[in-house]
Amino acid sequence: ALLRLLLGNTSSDEWWWSTLETEETEVEEAGKAAGAEYSKKKREEQLIPVIKCDLAAIFAVEEDSQMTIKWLQALEDVRTKKPNSAGPIKSAVKTAISLTTNSLVKAYLRKSMKQMKPNSAGLTKRAVVWLVDRFREGRPDLLGRTMMAQEVAQQTKAVADEAAQYMDQVDEIANAAKLNAVAFDDDDMDQDSDSDDDGGLVSDDDEDEEMDDAAASALVEGGATDKKGAAKSDHDTQVTTCVPPKPAPTIVDLLLPPGKPQPGTDLVSPFTWPCLAGAASCRILHKYKKTRNQVDDNLREFRELPPLSVAERKRREADSVKRILSECFLTERFGEAPIEAAVQQLCGGGGYTDLSPIQKLSIMRVLVEAAYDSQRVFSCVEDNIQSRITASKALDNEMRRAKKLEKEEKAEVEARARERLAEEAKDAFIQKKRRELVRENKKTSRFTNDFLEALTDQEITEFDDDTKAEFEALPGPSSFSRSNVNAMVSKIHEEDAFETETLVVLTLEEIEAREDEMLAEMNKELAQYGDVEAVYERSDRETTAKIDKLKREINDFKESLLTLPQVRASAMDGLRDAIEDGTIKALKTAIRAAENAWLTSDDDETGGVWALDLLRDANLELSSAEKRKRVTQAQRDLIAKRNKCFVRTEPIGQDKYRNSFWNLDNDDEGRVWVEAEYALKANDSVPDDENDDNLVESTEGVKIGVDDEEKDMLSDELYFVDGARDKFVHFSRQEYHSSGLVASLAKRHWGCEATDKSLRMLMKNLDGRGLRESALKSSLKEIVEAIAVVSADGGADDDAAKVKDENAKAASQADAKGKDAKAKYQTTGDDEEFTKAVSAGAGSACRIAFDLIEDVSSAISQRVRLRKVEDPVDAPEEAEYVMGTVTGWKMTEIVSDVGQENTEPSEENANGETSTKTAPVWVVDIDNGGEEELSAVQIVEGVSRYLMWRTQYDGYSEENFNLREYRNGLGRYCGRAADAPYASTPAFLAWLMIKKEQDLYPPLKNRVYENEWGGKSGARNAWVASIKEYGHDLATLRNGLLTLEETFFNFCGRFDAHAGVPELEAALKDQRTGKEILEDDKLVFEIELETFGQAAKMGLWNSPISRKVFQQIVLGKWQCVLSECAA
């Protein structure tokens, strides 16, 4: 696919060249090139100058474009003259000298006329034509083309660099002798012909072309042999071009046509792609060497440094691959970089399968690098950028709308707070006046007590003129200060979080004081009855029942107070951790635990609720998290649309050490990768064995590739000043490593946070006060929230979580008690223990293939397949299977109860005594991340299960294989893009089942007279309600799918239409179960549910056999054909 993309794109024309050059291929290529005027050979002949000059300096001289056009037009007449017409050629050159203001052009033209002789001006004509052609190529703006100044500068530089390649071949004396000799011979041939006195007649075009070709050929043929002087060494010779030499032709180059292979032809096929990949990689590397040379030359030109020597350029070209493609120099074999060795092998006709993994990666990396520059990728990225901008604008609009709603909600709460403050002020004033009236009435006895109690609030405010004036002078809603309003707003938020009108916030000491008062009141109430025994004798049954109830309440309350402090301490710790975590799931769990610890209850005095201050903070955090979740859900489609326009994966944030954190799109859900720097140490320092967690590497060990050419970046004032030079170099090196000690790419360490627990621990350790870690913490919260939403869809049970926590706690305690908890794993020497484990495996409940495992002598480096039960409480039969590799083993002491070892424990060892025994454990690296320790029985089961799974062992099945683990082999989702992230969830399958039932039921219901599905029986409504309510449960979906299939099967007439058909008589009488049918390999091959065609004899309802297979697959009882069904 990469080859088709590259070869079919016009960008590859820049770097694809043909190693073979013949007259036939040149003519063919000349015909293919649009607008090509000369063949490749003639083009090379025209580029060869006859006298030395600095074309770049000539282009650099500023001159009026109109004057340049005039002297170029004057020289154009030379092109039509014969070399023996010295007079007209000399006149045209002198005219150009008088017109131009460019001193270098004048010097070049005068130098060209120095070797002119009577009737012999071949050198002058050749030099003039060469200069005119170079100006036409380097200054296309003079020909009427509209170009920017930057484009003109680039074109002139390219032409000057191309001409500079041939300056070393120029021998002016030899050129003058050859060209003038050709002109003199031509003059001898023309003596008998009629001509003008000045020799200026124009000859026939064909004769001129033959003469020019003869002169050019003489120059090309004699260029290599007529050089004079001793050859300079590579160290003394300066480079004149940035184009590196082409490699020698290989066998693949000899077989390729001169032109670039085109996709769709026989040259680009599955049989030739390895060779073409090698040839393309060779040319791509040549292009990047040229690009690197251009960078070096431009940098040296900017720094006004002398050009590189040929030897230095060769050294840099050898290192250029290691500078550009980081994957191509991780290892070196036989003195060659992997990419170069791979290219030589493929171009030499070698096989792709013979390459090492790093060489294959290198080839892929080179092709991908070239694909970045293709027009296809450029247009794709450009379209994605535009679509992303549009989606981001829509998302910004939605965010502004959310902010507007939040602002309106905030204004509404503030208005409520001001109204409430005004009402409280009025209530306080009325209560105050009511107390004043009571006190005054005690002195005057003007009113009766009944009259005063019957006064309403309105009557009190209008009791007299002074009272009325004071009431009207009370502050209104807009008169309160900002601090009072904010305090009331906070109080309203707290009450809304508890869904009550009044909230009393207490400390733990105040709650304990309330409980003491409650206990004292209960004891006081019991004491009011006097002697309890005497009361029992003289009281009735109702009174004694009250006393008994009160005594039980007191005893229960005292017992709860004994364990309540520990429960409350644990609940408060959970609240603090949940507030730090900030996720909805953690907050709800902690709040539930706090309610069970009596940290909140109804308040009888206010009619509201009282709660602990820490619990209040947790409820406020929960309200904020739920509000963020609502906003996120409203923007989910827009975010999905924006993320679909993929441009580049960016890290989700950095911590205070500048370690980058990545959440990759196609990775497993909830995994976060950490990219960390290595801490550098001296090369000869002693390794730190005590602290294995340190990411320490030597300065040389951390380097990737060759060092930068730092001298090119240093100016004279920096290079010769030690302090300034060291400061600049240290700063520039920090691009690779923060220490500033590495002058090349540096290796990075990658790790993965693969579990929800590790992510929450990471969030807890981040400091929210820092800018980087605060942003990283927010991003991690969104990821954890997404994990919580997915787990909530699956109906996660708290009991199952408790069981897992208890098991983990017990395992950690047992490991802490072991004497060799810190022992290191061994990588050899487990043969004896593994043999014992195999012998003991006969008593395992899992099936073990002893005929397969008997040849395995050691478990080290063996592959294992482990069975994991996600929910042992609600779904003990649903399991997933993971793969891993055994990496080590060790002997450890296992702590167990004595009673578990003795079938009849004695009284002495039945009271919690323990015993220890030594047993082997093996450590397994799970493919999806993480490690796990396995006992002897588990390791034998895992190795045996893997061997049976790999060899398709007869009778082996994974009956409880989880359907949710299936992934489409095509790797893409063909529905709506917004549904792709959820297409594999049970909830999505439930929605799809309901939709299909609604589509198929109307046309099918008319086929039967008695409709027992959608009639008065209510079966259809019950089925829909069940799928909607329990759609997250896989077992419910399986049963629902079978129910729906049975219903539609009845609508279609069952198998009545097949009665009497000879071909199906055997199938109708077949009494085998679905599992027994699937054991028949030949029959399974014939069924293949997804490959029905017009000639197929079996369908889902065409035969009872195929229907039984379908039902068996839906039930998930036969893993061997699960992939066939899911596809």
# chains A, B, ... in the order shown; residues from 1 in each chain; ligands from 1
$ select_by_dssp --residues "stretch 492-615 of chain A" --states "alpha helix (DSSP H)" --output "PyMOL selection string"
chain A and resi 492-497+508-527+532-538+541-581+584-596+613-615
$ closest_atom_pairs --of "stretch 753-795 of chain A" --to "stretch 578-594 of chain A" --cutoff "10 Å" --atoms "only C-alpha atoms" --output "Markdown table"
| residue | atom | partner | partner_atom | distance |
| --- | --- | --- | --- | --- |
| A:Leu759 | CA | A:Asp581 | CA | 9.8 |
| A:Arg760 | CA | A:Asp581 | CA | 6.5 |
| A:Met761 | CA | A:Asp581 | CA | 8.6 |
| A:Leu762 | CA | A:Asp581 | CA | 9.7 |
| A:Met763 | CA | A:Asp581 | CA | 6.6 |
| A:Lys764 | CA | A:Glu580 | CA | 6.2 |
| A:Asn765 | CA | A:Glu580 | CA | 9.5 |
| A:Leu766 | CA | A:Glu580 | CA | 9.8 |
| A:Gly768 | CA | A:Glu580 | CA | 9.6 |
| A:Lys777 | CA | A:Asp581 | CA | 9.3 |
| A:Ser778 | CA | A:Gly582 | CA | 9.4 |
| A:Leu780 | CA | A:Asp581 | CA | 9.9 |
| A:Lys781 | CA | A:Thr583 | CA | 6.6 |
| A:Glu782 | CA | A:Thr583 | CA | 8.5 |
| A:Ile783 | CA | A:Thr583 | CA | 10.0 |
| A:Val784 | CA | A:Thr583 | CA | 7.2 |
| A:Glu785 | CA | A:Thr583 | CA | 6.1 |
| A:Ala786 | CA | A:Thr583 | CA | 9.9 |
| A:Ile787 | CA | A:Lys585 | CA | 10.0 |
| A:Ala788 | CA | A:Lys585 | CA | 6.5 |
| A:Val789 | CA | A:Lys585 | CA | 8.8 |
| A:Ser791 | CA | A:Lys585 | CA | 9.9 |
| A:Ala792 | CA | A:Lys585 | CA | 8.8 |
$ select_by_dssp --residues "stretch 376-566 of chain A" --states "strand (DSSP E)" --output "JSON, numbers by chain"
{"A": [503, 504, 505, 506]}
$ write_last_selection --atoms "all heavy atoms" --output "compact mmCIF listing (two decimals), in the first residue's frame"
# COMPACT_ATOMS: atom_id res chain seq x y z
N LEU A 503 -29.52 22.65 56.06
CA LEU A 503 -28.37 21.79 56.33
C LEU A 503 -27.59 22.35 57.51
O LEU A 503 -27.26 23.54 57.54
CB LEU A 503 -27.47 21.71 55.09
CG LEU A 503 -26.18 20.91 55.28
CD1 LEU A 503 -26.50 19.43 55.49
CD2 LEU A 503 -25.25 21.08 54.08
N VAL A 504 -27.32 21.47 58.47
CA VAL A 504 -26.52 21.83 59.63
C VAL A 504 -25.19 21.09 59.51
O VAL A 504 -25.17 19.85 59.50
CB VAL A 504 -27.23 21.45 60.95
CG1 VAL A 504 -26.36 21.83 62.14
CG2 VAL A 504 -28.59 22.15 61.03
N VAL A 505 -24.10 21.84 59.41
CA VAL A 505 -22.77 21.26 59.25
C VAL A 505 -22.12 21.17 60.62
O VAL A 505 -22.06 22.16 61.36
CB VAL A 505 -21.91 22.10 58.30
CG1 VAL A 505 -20.53 21.47 58.13
CG2 VAL A 505 -22.59 22.25 56.95
N LEU A 506 -21.65 19.97 60.96
CA LEU A 506 -21.07 19.71 62.27
C LEU A 506 -19.67 19.13 62.11
O LEU A 506 -19.34 18.51 61.09
CB LEU A 506 -21.93 18.71 63.06
CG LEU A 506 -23.40 19.10 63.27
CD1 LEU A 506 -24.14 17.95 63.94
CD2 LEU A 506 -23.53 20.36 64.09
$ closest_residue --among "A:Asn102, A:Asp712, A:Trp16, A:Ala60" --to "A:Cys282" --atoms "only C-alpha atoms"
A:Trp16
$ residues_around --residues "A:His737" --least-positions-apart "3" --cutoff "12 Å" --atoms "only C-alpha atoms" --output "MDAnalysis selection string"
chainID A and resid 658:659 676:680 699 702:704 730:734 740:748
$ write_last_selection --atoms "N, CA and C atoms" --output "PDB file, in the first residue's frame"
ATOM      1  N   ARG A 658       8.602  16.861  33.799  1.00  0.00           N
ATOM      2  CA  ARG A 658       8.458  16.952  32.340  1.00  0.00           C
ATOM      3  C   ARG A 658       8.394  15.579  31.677  1.00  0.00           C
ATOM      4  N   ASN A 659       7.934  14.584  32.386  1.00  0.00           N
ATOM      5  CA  ASN A 659       7.623  13.297  31.782  1.00  0.00           C
ATOM      6  C   ASN A 659       6.286  13.403  31.061  1.00  0.00           C
ATOM      7  N   ALA A 676       9.414   8.810  29.938  1.00  0.00           N
ATOM      8  CA  ALA A 676      10.286   9.447  30.926  1.00  0.00           C
ATOM      9  C   ALA A 676      11.714   9.505  30.414  1.00  0.00           C
ATOM     10  N   GLU A 677      12.438  10.503  30.906  1.00  0.00           N
ATOM     11  CA  GLU A 677      13.846  10.622  30.592  1.00  0.00           C
ATOM     12  C   GLU A 677      14.655   9.692  31.489  1.00  0.00           C
ATOM     13  N   TYR A 678      15.807   9.252  30.978  1.00  0.00           N
ATOM     14  CA  TYR A 678      16.756   8.528  31.804  1.00  0.00           C
ATOM     15  C   TYR A 678      17.601   9.524  32.595  1.00  0.00           C
ATOM     16  N   ALA A 679      17.852   9.187  33.844  1.00  0.00           N
ATOM     17  CA  ALA A 679      18.816   9.953  34.619  1.00  0.00           C
ATOM     18  C   ALA A 679      20.211   9.512  34.216  1.00  0.00           C
ATOM     19  N   LEU A 680      21.072  10.472  33.879  1.00  0.00           N
ATOM     20  CA  LEU A 680      22.385  10.147  33.350  1.00  0.00           C
ATOM     21  C   LEU A 680      23.393   9.972  34.475  1.00  0.00           C
ATOM     22  N   THR A 699      25.861   8.166  29.848  1.00  0.00           N
ATOM     23  CA  THR A 699      25.769   9.190  28.802  1.00  0.00           C
ATOM     24  C   THR A 699      25.917   8.581  27.418  1.00  0.00           C
ATOM     25  N   VAL A 702      22.771   6.258  26.448  1.00  0.00           N
ATOM     26  CA  VAL A 702      21.491   6.889  26.158  1.00  0.00           C
ATOM     27  C   VAL A 702      21.462   7.501  24.764  1.00  0.00           C
ATOM     28  N   LYS A 703      22.615   7.585  24.112  1.00  0.00           N
ATOM     29  CA  LYS A 703      22.682   8.238  22.807  1.00  0.00           C
ATOM     30  C   LYS A 703      22.073   7.364  21.724  1.00  0.00           C
ATOM     31  N   ILE A 704      21.461   8.016  20.749  1.00  0.00           N
ATOM     32  CA  ILE A 704      20.942   7.353  19.551  1.00  0.00           C
ATOM     33  C   ILE A 704      21.535   8.072  18.344  1.00  0.00           C
ATOM     34  N   HIS A 730      25.134  23.939  25.787  1.00  0.00           N
ATOM     35  CA  HIS A 730      24.271  23.323  26.806  1.00  0.00           C
ATOM     36  C   HIS A 730      22.805  23.620  26.518  1.00  0.00           C
ATOM     37  N   PHE A 731      22.504  24.842  26.100  1.00  0.00           N
ATOM     38  CA  PHE A 731      21.116  25.207  25.803  1.00  0.00           C
ATOM     39  C   PHE A 731      20.591  24.440  24.587  1.00  0.00           C
ATOM     40  N   SER A 732      21.402  24.325  23.540  1.00  0.00           N
ATOM     41  CA  SER A 732      20.936  23.636  22.330  1.00  0.00           C
ATOM     42  C   SER A 732      20.778  22.140  22.569  1.00  0.00           C
ATOM     43  N   ARG A 733      21.588  21.552  23.433  1.00  0.00           N
ATOM     44  CA  ARG A 733      21.484  20.123  23.702  1.00  0.00           C
ATOM     45  C   ARG A 733      20.261  19.764  24.544  1.00  0.00           C
ATOM     46  N   GLN A 734      19.682  20.722  25.219  1.00  0.00           N
ATOM     47  CA  GLN A 734      18.503  20.437  26.035  1.00  0.00           C
ATOM     48  C   GLN A 734      17.301  20.039  25.181  1.00  0.00           C
ATOM     49  N   GLY A 740      21.413  18.514  29.161  1.00  0.00           N
ATOM     50  CA  GLY A 740      22.286  19.237  28.251  1.00  0.00           C
ATOM     51  C   GLY A 740      23.620  18.565  28.034  1.00  0.00           C
ATOM     52  N   LEU A 741      23.693  17.257  28.285  1.00  0.00           N
ATOM     53  CA  LEU A 741      24.944  16.519  28.132  1.00  0.00           C
ATOM     54  C   LEU A 741      25.001  15.672  26.879  1.00  0.00           C
ATOM     55  N   VAL A 742      23.907  15.583  26.140  1.00  0.00           N
ATOM     56  CA  VAL A 742      23.827  14.698  24.981  1.00  0.00           C
ATOM     57  C   VAL A 742      23.634  15.547  23.731  1.00  0.00           C
ATOM     58  N   ALA A 743      24.481  15.318  22.732  1.00  0.00           N
ATOM     59  CA  ALA A 743      24.425  16.100  21.493  1.00  0.00           C
ATOM     60  C   ALA A 743      23.721  15.352  20.378  1.00  0.00           C
ATOM     61  N   SER A 744      22.956  14.323  20.707  1.00  0.00           N
ATOM     62  CA  SER A 744      22.212  13.565  19.702  1.00  0.00           C
ATOM     63  C   SER A 744      20.883  13.158  20.314  1.00  0.00           C
ATOM     64  N   LEU A 745      20.071  12.450  19.530  1.00  0.00           N
ATOM     65  CA  LEU A 745      18.820  11.938  20.067  1.00  0.00           C
ATOM     66  C   LEU A 745      19.089  11.048  21.271  1.00  0.00           C
ATOM     67  N   ALA A 746      18.204  11.119  22.269  1.00  0.00           N
ATOM     68  CA  ALA A 746      18.380  10.350  23.497  1.00  0.00           C
ATOM     69  C   ALA A 746      17.250   9.341  23.646  1.00  0.00           C
ATOM     70  N   LYS A 747      17.596   8.172  24.149  1.00  0.00           N
ATOM     71  CA  LYS A 747      16.585   7.141  24.395  1.00  0.00           C
ATOM     72  C   LYS A 747      15.645   7.599  25.505  1.00  0.00           C
ATOM     73  N   ARG A 748      14.422   7.128  25.428  1.00  0.00           N
ATOM     74  CA  ARG A 748      13.413   7.438  26.444  1.00  0.00           C
ATOM     75  C   ARG A 748      12.872   6.133  27.004  1.00  0.00           C
TER      76      ARG A 748
END
